[in-house]
$ cat query_14.tsv   # TSV, C-alpha atoms and all ligand atoms
chain	number	residue	atom	x	y	z
A	164	MET	CA	27.88	-11.97	-19.87
A	165	LEU	CA	28.71	-8.30	-20.00
A	166	ARG	CA	29.34	-6.60	-16.71
A	167	PHE	CA	29.15	-2.93	-16.03
A	168	HIS	CA	30.64	-0.76	-13.36
A	169	HIS	CA	28.58	2.12	-12.10
A	170	GLY	CA	29.00	5.18	-14.26
A	171	SER	CA	31.04	3.49	-16.95
A	172	VAL	CA	29.81	3.53	-20.51
A	173	SER	CA	30.32	0.25	-22.28
A	174	PRO	CA	28.97	-1.11	-25.50
A	175	VAL	CA	25.90	-3.28	-25.15
A	176	ARG	CA	25.57	-6.67	-26.77
A	177	GLY	CA	23.16	-6.56	-29.66
A	178	CYS	CA	23.26	-2.78	-29.85
A	179	GLU	CA	25.31	-1.36	-32.70
A	180	THR	CA	25.82	2.06	-31.20
A	181	GLU	CA	26.16	3.42	-27.70
A	182	GLY	CA	23.23	5.76	-28.17
A	183	MET	CA	19.51	5.10	-27.84
A	184	ARG	CA	16.26	6.77	-28.73
A	185	ALA	CA	14.36	8.16	-25.77
A	186	TRP	CA	11.73	10.66	-24.72
A	187	VAL	CA	12.42	13.14	-21.91
A	188	VAL	CA	10.66	15.83	-19.92
A	189	ARG	CA	12.90	18.87	-19.57
A	190	THR	CA	10.33	21.66	-19.41
A	191	PRO	CA	6.87	21.08	-17.93
A	192	GLY	CA	4.17	20.39	-20.49
A	193	ARG	CA	6.45	18.96	-23.18
A	194	LEU	CA	7.78	15.52	-24.04
A	195	GLU	CA	10.92	15.72	-26.24
A	196	ARG	CA	12.45	13.13	-28.55
A	197	VAL	CA	16.19	12.82	-27.86
A	198	GLU	CA	19.20	10.56	-28.33
A	199	LEU	CA	20.78	9.51	-25.04
A	200	PRO	CA	23.76	7.33	-24.19
A	201	THR	CA	22.64	3.80	-23.38
A	202	PRO	CA	22.54	3.81	-19.55
A	203	ALA	CA	25.04	1.77	-17.53
A	204	PRO	CA	23.49	-0.25	-14.71
A	205	GLY	CA	24.76	0.37	-11.17
A	206	PRO	CA	26.39	-2.53	-9.27
A	207	ASP	CA	23.04	-3.95	-8.10
A	208	GLU	CA	21.11	-3.03	-11.24
A	209	LEU	CA	20.04	-4.66	-14.48
A	210	LEU	CA	20.18	-3.16	-17.95
A	211	VAL	CA	16.87	-3.89	-19.68
A	212	ARG	CA	16.03	-3.65	-23.39
A	213	VAL	CA	12.47	-2.30	-23.41
A	214	ARG	CA	9.87	-4.30	-25.35
A	215	ALA	CA	6.78	-2.40	-24.18
A	216	CYS	CA	6.01	0.42	-21.74
A	217	GLY	CA	2.56	1.32	-20.44
A	218	VAL	CA	1.39	4.92	-20.45
A	219	CYS	CA	0.07	5.78	-16.98
A	220	ARG	CA	-1.73	8.88	-15.77
A	221	THR	CA	1.23	9.49	-13.44
A	222	ASP	CA	3.38	10.02	-16.56
A	223	LEU	CA	1.07	12.91	-17.42
A	224	HIS	CA	1.63	14.38	-13.96
A	225	VAL	CA	5.41	14.07	-14.55
A	226	ARG	CA	5.14	15.69	-17.99
A	227	ASP	CA	2.97	18.55	-16.79
A	228	GLY	CA	4.90	19.26	-13.59
A	229	ASP	CA	1.98	18.33	-11.28
A	230	LEU	CA	4.57	16.14	-9.61
A	231	PRO	CA	7.52	18.39	-8.71
A	232	PRO	CA	10.55	17.39	-10.84
A	233	HIS	CA	12.99	15.12	-8.97
A	234	LYS	CA	15.35	14.81	-11.94
A	235	SER	CA	15.62	16.94	-15.07
A	236	PRO	CA	15.61	15.91	-17.79
A	237	VAL	CA	13.89	12.65	-16.90
A	238	VAL	CA	12.73	9.73	-19.04
A	239	PRO	CA	9.16	8.89	-17.88
A	240	GLY	CA	7.59	5.42	-17.87
A	241	HIS	CA	7.17	2.86	-15.08
A	242	GLU	CA	5.23	-0.04	-16.63
A	243	VAL	CA	8.13	-1.61	-18.48
A	244	VAL	CA	8.39	-5.09	-19.94
A	245	GLY	CA	11.80	-5.95	-21.33
A	246	ASP	CA	14.75	-8.33	-21.51
A	247	VAL	CA	17.77	-8.23	-19.25
A	248	VAL	CA	20.83	-7.62	-21.44
A	249	ALA	CA	23.43	-7.00	-18.74
A	250	ALA	CA	23.79	-7.13	-14.96
A	251	GLY	CA	25.83	-4.98	-12.56
A	252	ALA	CA	29.09	-6.04	-10.93
A	253	ALA	CA	27.44	-7.05	-7.63
A	254	ILE	CA	25.00	-9.50	-9.30
A	255	PRO	CA	27.16	-11.23	-11.93
A	256	ASP	CA	25.05	-14.40	-11.97
A	257	TYR	CA	21.74	-12.77	-12.88
A	258	PRO	CA	20.59	-14.63	-16.00
A	259	VAL	CA	20.85	-12.48	-19.12
A	260	GLY	CA	17.80	-12.89	-21.36
A	261	THR	CA	15.29	-13.02	-18.47
A	262	ARG	CA	12.13	-11.11	-19.26
A	263	VAL	CA	11.39	-8.71	-16.39
A	264	GLY	CA	8.90	-6.04	-15.39
A	265	VAL	CA	10.13	-2.66	-14.17
A	266	PRO	CA	7.58	-1.01	-11.84
A	267	TRP	CA	7.02	2.39	-10.22
A	268	LEU	CA	8.67	1.47	-6.88
A	269	ARG	CA	12.40	1.64	-7.63
A	270	ARG	CA	14.12	1.62	-4.23
A	271	THR	CA	13.36	1.81	-0.54
A	272	CYS	CA	15.90	2.39	2.26
A	273	GLY	CA	15.46	-1.03	3.88
A	274	VAL	CA	16.34	0.25	7.37
A	275	CYS	CA	13.63	2.71	8.46
A	276	LYS	CA	10.82	1.59	10.78
A	277	TYR	CA	8.37	1.26	7.88
A	278	CYS	CA	10.73	-0.87	5.79
A	279	THR	CA	11.59	-3.12	8.71
A	280	ARG	CA	7.91	-3.57	9.65
A	281	GLY	CA	6.92	-4.79	6.18
A	282	ARG	CA	5.45	-1.45	5.13
A	283	GLU	CA	8.07	-0.32	2.63
A	284	ASN	CA	5.32	1.44	0.65
A	285	LEU	CA	5.50	4.11	3.38
A	286	CYS	CA	9.31	4.49	3.30
A	287	PRO	CA	10.08	8.24	3.34
A	288	HIS	CA	13.26	7.61	1.35
A	289	SER	CA	11.68	5.63	-1.48
A	290	LEU	CA	12.57	6.35	-5.11
A	291	TYR	CA	10.37	5.94	-8.18
A	292	THR	CA	11.00	4.89	-11.77
A	293	GLY	CA	10.34	7.60	-14.34
A	294	TRP	CA	10.45	10.35	-11.70
A	295	ASP	CA	13.60	9.95	-9.55
A	296	ALA	CA	15.37	7.88	-12.20
A	297	ASP	CA	15.01	7.41	-15.95
A	298	GLY	CA	12.20	5.04	-16.91
A	299	GLY	CA	10.86	3.15	-19.89
A	300	TYR	CA	10.11	5.72	-22.63
A	301	ALA	CA	13.43	4.64	-24.17
A	302	GLU	CA	15.08	1.72	-25.89
A	303	TYR	CA	16.92	0.76	-22.70
A	304	THR	CA	16.42	1.36	-19.01
A	305	THR	CA	17.94	0.21	-15.72
A	306	VAL	CA	16.33	-1.27	-12.62
A	307	PRO	CA	17.67	-2.46	-9.25
A	308	ALA	CA	17.49	-6.25	-9.54
A	309	ALA	CA	15.72	-6.55	-6.17
A	310	TYR	CA	12.84	-4.38	-7.43
A	311	ALA	CA	12.37	-6.03	-10.84
A	312	TYR	CA	9.73	-8.75	-11.31
A	313	PRO	CA	10.76	-11.76	-13.40
A	314	LEU	CA	8.04	-12.52	-15.99
A	315	PRO	CA	8.94	-16.02	-17.22
A	316	GLU	CA	7.33	-17.01	-20.52
A	317	LYS	CA	6.06	-20.27	-18.99
A	318	ASP	CA	3.93	-18.46	-16.38
A	319	PHE	CA	2.69	-15.71	-18.68
A	320	ALA	CA	2.39	-17.61	-21.97
A	321	GLU	CA	-1.14	-16.28	-22.51
A	322	TYR	CA	-0.06	-12.64	-22.25
A	323	SER	CA	1.62	-10.43	-24.83
A	324	ASP	CA	4.25	-7.91	-23.72
A	325	GLU	CA	1.70	-5.14	-24.29
A	326	GLU	CA	-0.79	-6.87	-22.00
A	327	LEU	CA	1.79	-7.38	-19.25
A	328	ALA	CA	2.87	-3.72	-19.16
A	329	PRO	CA	-0.22	-2.24	-17.45
A	330	LEU	CA	-0.13	-4.97	-14.81
A	331	LEU	CA	3.02	-3.33	-13.42
A	332	CYS	CA	1.30	-0.21	-12.10
A	333	ALA	CA	-2.46	-0.25	-12.61
A	334	GLY	CA	-2.57	-3.94	-11.67
A	335	ILE	CA	-0.29	-3.85	-8.64
A	336	ILE	CA	-1.78	-0.66	-7.14
A	337	GLY	CA	-5.29	-2.06	-7.55
A	338	TYR	CA	-4.22	-5.26	-5.84
A	339	ARG	CA	-2.84	-3.24	-2.90
A	340	ALA	CA	-6.29	-1.63	-2.61
A	341	LEU	CA	-7.90	-5.09	-2.61
A	342	ARG	CA	-5.61	-6.26	0.19
A	343	ARG	CA	-6.37	-3.10	2.17
A	344	ALA	CA	-10.10	-3.82	1.77
A	345	ASP	CA	-9.74	-7.00	3.88
A	346	LEU	CA	-12.11	-9.04	1.75
A	347	PRO	CA	-12.99	-12.33	3.48
A	348	PRO	CA	-12.82	-15.53	1.37
A	349	GLY	CA	-15.91	-15.72	-0.84
A	350	GLY	CA	-16.94	-12.27	0.36
A	351	ARG	CA	-19.01	-9.57	-1.33
A	352	LEU	CA	-16.91	-6.78	-2.85
A	353	GLY	CA	-18.15	-3.43	-4.16
A	354	VAL	CA	-16.04	-1.77	-6.86
A	355	TYR	CA	-16.76	1.96	-7.33
A	356	GLY	CA	-15.48	3.20	-10.69
A	357	PHE	CA	-14.35	0.82	-13.43
A	358	GLY	CA	-11.25	2.07	-15.26
A	359	GLY	CA	-7.93	0.30	-15.97
A	360	SER	CA	-6.94	-0.53	-12.40
A	361	ALA	CA	-10.48	-1.43	-11.26
A	362	HIS	CA	-11.18	-3.87	-14.07
A	363	LEU	CA	-7.98	-5.79	-13.35
A	364	THR	CA	-8.66	-5.86	-9.60
A	365	ALA	CA	-12.24	-7.03	-10.09
A	366	GLN	CA	-11.04	-9.94	-12.23
A	367	VAL	CA	-8.54	-11.03	-9.57
A	368	ALA	CA	-11.23	-10.87	-6.87
A	369	ILE	CA	-13.64	-12.89	-9.02
A	370	GLY	CA	-10.86	-15.40	-9.73
A	371	GLN	CA	-10.34	-15.75	-5.98
A	372	GLY	CA	-14.03	-16.49	-5.42
A	373	ALA	CA	-15.46	-13.10	-4.48
A	374	VAL	CA	-18.93	-11.90	-5.47
A	375	VAL	CA	-18.27	-8.55	-7.14
A	376	HIS	CA	-20.75	-5.70	-7.53
A	377	VAL	CA	-19.59	-2.88	-9.81
A	378	LEU	CA	-20.97	0.63	-9.27
A	379	THR	CA	-20.04	3.05	-12.03
A	380	ARG	CA	-21.57	5.79	-14.12
A	381	SER	CA	-20.85	4.65	-17.68
A	382	PRO	CA	-23.21	2.10	-19.29
A	383	GLU	CA	-20.28	0.75	-21.39
A	384	ALA	CA	-18.25	0.12	-18.22
A	385	GLN	CA	-21.27	-1.56	-16.60
A	386	ALA	CA	-21.61	-3.85	-19.63
A	387	LEU	CA	-17.89	-4.69	-19.51
A	388	ALA	CA	-18.18	-5.45	-15.79
A	389	ARG	CA	-20.97	-7.99	-16.41
A	390	GLU	CA	-19.01	-9.51	-19.27
A	391	LEU	CA	-15.99	-9.98	-16.97
A	392	GLY	CA	-18.06	-11.83	-14.40
A	393	ALA	CA	-19.43	-9.18	-12.03
A	394	ALA	CA	-22.59	-10.35	-10.24
A	395	SER	CA	-24.21	-6.96	-10.82
A	396	ALA	CA	-23.43	-3.56	-12.31
A	397	ALA	CA	-25.30	-0.34	-11.57
A	398	GLY	CA	-24.82	3.41	-11.24
A	399	ALA	CA	-22.18	4.79	-8.86
A	400	TYR	CA	-24.77	6.18	-6.44
A	401	ASP	CA	-27.07	3.13	-6.58
A	402	ALA	CA	-27.26	0.69	-3.67
A	403	PRO	CA	-25.74	-2.73	-4.40
A	404	PRO	CA	-28.21	-5.67	-4.26
A	405	GLU	CA	-26.75	-6.92	-0.97
A	406	PRO	CA	-24.61	-5.48	1.87
A	407	LEU	CA	-20.88	-5.48	1.10
A	408	ASP	CA	-18.11	-7.05	3.19
A	409	SER	CA	-15.60	-4.78	1.47
A	410	ALA	CA	-15.49	-2.00	-1.08
A	411	ILE	CA	-12.84	-0.22	-3.11
A	412	LEU	CA	-13.29	3.35	-4.29
A	413	PHE	CA	-11.40	3.80	-7.60
A	414	ALA	CA	-13.27	6.91	-8.75
A	415	PRO	CA	-11.53	10.04	-7.34
A	416	VAL	CA	-14.85	11.32	-6.00
A	417	GLY	CA	-15.09	12.12	-2.28
A	418	ASP	CA	-18.91	12.28	-2.51
A	419	LEU	CA	-18.87	8.51	-2.99
A	420	VAL	CA	-17.20	7.83	0.38
A	421	PRO	CA	-20.42	8.11	2.45
A	422	VAL	CA	-22.29	6.24	-0.31
A	423	ALA	CA	-19.86	3.32	-0.22
A	424	LEU	CA	-19.66	3.31	3.60
A	425	SER	CA	-23.47	3.11	3.76
A	426	ALA	CA	-23.36	0.07	1.48
A	427	LEU	CA	-21.05	-1.83	3.86
A	428	ASP	CA	-22.23	-4.55	6.18
A	429	ARG	CA	-21.25	-4.38	9.87
A	430	GLY	CA	-17.48	-4.65	10.24
A	431	GLY	CA	-16.93	-3.93	6.55
A	432	THR	CA	-13.97	-2.02	5.10
A	433	LEU	CA	-13.77	0.64	2.39
A	434	SER	CA	-10.36	1.27	0.84
A	435	VAL	CA	-9.75	4.38	-1.23
A	436	ALA	CA	-7.42	3.44	-4.09
A	437	GLY	CA	-6.55	6.81	-5.60
A	438	ILE	CA	-3.81	9.29	-4.77
A	439	TYR	CA	-6.23	12.15	-5.39
A	440	LEU	CA	-9.74	12.42	-4.00
A	441	THR	CA	-12.10	15.38	-3.94
A	442	ASP	CA	-13.21	16.46	-0.46
A	443	ILE	CA	-15.21	13.96	1.56
A	444	PRO	CA	-18.54	15.40	2.79
A	445	PRO	CA	-19.47	15.07	6.49
A	446	LEU	CA	-20.10	11.47	7.54
A	447	ALA	CA	-23.08	10.26	9.56
A	448	TYR	CA	-21.34	8.36	12.33
A	449	ASP	CA	-24.22	6.01	13.14
A	450	ARG	CA	-24.92	4.89	9.55
A	451	GLN	CA	-21.47	5.13	7.99
A	452	LEU	CA	-18.81	4.32	10.60
A	453	PHE	CA	-20.44	2.82	13.70
A	454	GLN	CA	-20.55	-0.98	13.99
A	455	GLU	CA	-16.86	-1.05	13.17
A	456	ARG	CA	-16.95	-0.03	9.56
A	457	ASN	CA	-13.45	0.96	8.43
A	458	LEU	CA	-12.22	3.65	6.06
A	459	ARG	CA	-8.70	3.23	4.72
A	460	SER	CA	-6.36	4.94	2.28
A	461	VAL	CA	-3.86	3.20	0.00
A	462	THR	CA	-0.33	4.48	-0.56
A	463	ALA	CA	1.90	3.03	-3.31
A	464	ASN	CA	2.68	-0.67	-2.84
A	465	THR	CA	5.18	-3.14	-1.43
A	466	ARG	CA	7.14	-5.66	-3.47
A	467	GLU	CA	5.10	-8.37	-1.78
A	468	ASP	CA	1.93	-6.82	-3.28
A	469	GLY	CA	3.60	-6.99	-6.69
A	470	ARG	CA	4.65	-10.61	-6.34
A	471	GLU	CA	1.21	-11.70	-5.08
A	472	PHE	CA	-0.61	-9.81	-7.81
A	473	LEU	CA	1.57	-11.21	-10.60
A	474	ALA	CA	1.10	-14.73	-9.23
A	475	ALA	CA	-2.67	-14.13	-9.38
A	476	ALA	CA	-2.36	-12.75	-12.93
A	477	ALA	CA	-0.47	-15.89	-13.94
A	478	ALA	CA	-3.15	-18.09	-12.34
A	479	TYR	CA	-6.21	-16.34	-13.82
A	480	LYS	CA	-5.80	-15.01	-17.35
A	481	LEU	CA	-6.92	-11.41	-16.96
A	482	ARG	CA	-8.56	-9.65	-19.89
A	483	ILE	CA	-6.85	-6.37	-20.66
A	484	ALA	CA	-7.91	-3.91	-23.32
A	485	VAL	CA	-4.71	-2.42	-24.77
A	486	THR	CA	-4.24	0.30	-27.38
A	487	PRO	CA	-0.71	-0.02	-28.76
A	488	TYR	CA	1.20	3.10	-29.89
A	489	PRO	CA	4.46	3.00	-31.85
A	490	PHE	CA	7.35	4.18	-29.66
A	491	ASP	CA	7.73	7.26	-31.88
A	492	GLN	CA	4.23	8.43	-30.92
A	493	ALA	CA	4.68	8.66	-27.14
A	494	ASP	CA	3.74	12.36	-27.22
A	495	GLN	CA	0.51	11.50	-29.05
A	496	ALA	CA	-0.26	8.73	-26.53
A	497	LEU	CA	0.08	11.18	-23.62
A	498	ASP	CA	-2.06	13.79	-25.39
A	499	ASP	CA	-4.73	11.16	-26.06
A	500	LEU	CA	-4.67	10.06	-22.42
A	501	ALA	CA	-5.00	13.67	-21.26
A	502	ALA	CA	-8.03	14.09	-23.53
A	503	ASP	CA	-9.58	10.73	-22.48
A	504	ARG	CA	-9.33	9.50	-26.07
A	505	VAL	CA	-7.68	6.14	-25.25
A	506	ASN	CA	-9.73	2.96	-25.32
A	507	GLY	CA	-8.39	0.72	-22.59
A	508	VAL	CA	-4.73	1.21	-21.68
A	509	ALA	CA	-2.17	2.92	-23.95
A	510	VAL	CA	1.09	1.00	-24.33
A	511	LEU	CA	4.24	2.05	-26.24
A	512	VAL	CA	5.72	-0.75	-28.32
A	513	HIS	CA	9.05	-1.04	-30.11
B	601	ZN	ZN	12.65	2.78	4.44
B	602	ZN	ZN	1.46	4.25	-12.90
$ encode --input "query_14.tsv" --output "C-alpha cells"
Amino acid sequence: MLRFHHGSVSPVRGCETEGMRAWVVRTPGRLERVELPTPAPGPDELLVRVRACGVCRTDLHVRDGDLPPHKSPVVPGHEVVGDVVAAGAAIPDYPVGTRVGVPWLRRTCGVCKYCTRGRENLCPHSLYTGWDADGGYAEYTTVPAAYAYPLPEKDFAEYSDEELAPLLCAGIIGYRALRRADLPPGGRLGVYGFGGSAHLTAQVAIGQGAVVHVLTRSPEAQALARELGAASAAGAYDAPPEPLDSAILFAPVGDLVPVALSALDRGGTLSVAGIYLTDIPPLAYDRQLFQERNLRSVTANTREDGREFLAAAAAYKLRIAVTPYPFDQADQALDDLAADRVNGVAVLVH
C-alpha cells in the first residue's frame, strides 16, 4: 500500500503521471478546465479515484458565488463515488480498493457542545467538500476517512456508480428531513414538492411502512409519485385525503408552510428541508400551531444520518433517474441544471 505524508507529492499507483484533469471555480460564474497535481491525502485522509460525481444545485451556488468563496480556486463536487487508492500515514490499514462515497460534510471539530451532544450538523467549525476543500469534479479527490461512507459492492449490487452518487447529498439531506419530521411507525407522511431529494425520501418512507401523500404542482411529478408507491398525489395547495402525522416541505415556497401545517393532525410535525425558503406568511395560531403542531428547520446532516440513510438505500432498492454527462462536459451539466434542462439528476462519469 502506498502511504502519503501530508503535503508531499508522490506518484499514485495506476496513474502514469502526477497530474490530473479537474474543473475549478476561480472567478464567479465560470467553471474552468485545468490540470492539477494529483492531491496528497493528509494523515487521516484517503485518496480516492473518482468514478462518478453528482451535480448538485449547491455546486451552482459555488460556481456563481452565491456561497462566498472559502477557497480559490476550488474544485466543486460533493456527491462522489470512487475507489480508495491510498491512505494517509495515520490510517495505514485502511483497505485500498474499497469503494467509498465522499459527501458534503467533510469535517467537524468533535469538541464543541453541538458535536459532543450528537448534533455535529450544527458545528460552527464544520468544513464542506467542494467549498472548503477540493471536491469531485476531478480524476482524484481526498476525504477524511472518518467522513467517508464505505459502499461495498455486496450491499449495493443493484446500484450503478451513477445511481449511488446522488444518494450522497440529495439522499442524505432528505433523510435528515424525514428524521426531523418525527414520523411514527406506519404513519401518514405528506411530501410537498417532488424533486431529486423528495423522491428518494418518499421511497425510503414507503419502504419503512409509511403512507405517503405527495403534494406537488407538476402532473409528471404526480404521476411519478404514484408509480413509486405514493398513496395519493395532488396539487401543492390541495388538502391531502387524510390528516398527516408528519410532513416535509421540499419546495422552497414559504406560502406552503401554513398550507402544510393546516394539513397536520394534532401533535404533527412539519420539517422544512431546504436551505432557502421564501418568506412565511402570518400563521393562524389556532389552526396551524395549536394542539402541539411543530414547525422545524433542517440544517445539513450528521454522519449518523448518512449511515442510516445508506443502510435504508441498501435495504430498499431506490429508483433514481440519472442523466449521465461525460466528465469533460461538467460546464454543460451545470448550465443545464441552471436552466432546469436536466431530467432527473445530472451525474459526471469518467
Ligand atoms: Zn463541533
Ligand atoms: Zn449537494
$ atom_distance --input "query_14.tsv" --atom1 "CA of Val306 in chain A" --atom2 "CA of Trp294 in chain A"
13.1 Å
$ residues_near_ligand --input "query_14.tsv" --ligand "ligand ZN 602 (chain B)" --cutoff "8 Å" --atoms "all atoms listed in the file" --output "count of residues only"
12
$ closest_residue --input "query_14.tsv" --among "A:Leu341, A:Leu330, A:Ala373, A:Val274" --to "ligand ZN 601 (chain B)" --atoms "all atoms listed in the file"
A:Val274
$ residues_near_ligand --input "query_14.tsv" --ligand "ligand ZN 601 (chain B)" --cutoff "7 Å" --atoms "all atoms listed in the file" --output "PyMOL selection string"
chain A and resi 271-278+283+286-289
$ closest_residue --input "query_14.tsv" --among "A:Ser395, A:Ser381, A:Thr465, A:Ser409" --to "Gly349 in chain A" --atoms "all atoms listed in the file"
A:Ser409
$ closest_residue --input "query_14.tsv" --among "A:Leu327, A:Ala203, A:Val367, A:Ala215" --to "Tyr479 in chain A" --atoms "all atoms listed in the file"
A:Val367
$ atom_distance --input "query_14.tsv" --atom1 "CA of Arg389 in chain A" --atom2 "CA of Ile369 in chain A"
11.5 Å
$ residues_around --input "query_14.tsv" --residues "range 443-455 of chain A" --least-positions-apart "4" --cutoff "7 Å" --atoms "only C-alpha atoms" --output "ChimeraX atom specification"
/A:417-418,420-421,424-425,429-430
$ write_last_selection --input "query_14.tsv" --atoms "C-alpha atoms" --output "tab-separated table (two decimals), in the coordinates of the input"
chain	number	residue	atom	x	y	z
A	417	GLY	CA	-15.09	12.12	-2.28
A	418	ASP	CA	-18.91	12.28	-2.51
A	420	VAL	CA	-17.20	7.83	0.38
A	421	PRO	CA	-20.42	8.11	2.45
A	424	LEU	CA	-19.66	3.31	3.60
A	425	SER	CA	-23.47	3.11	3.76
A	429	ARG	CA	-21.25	-4.38	9.87
A	430	GLY	CA	-17.48	-4.65	10.24
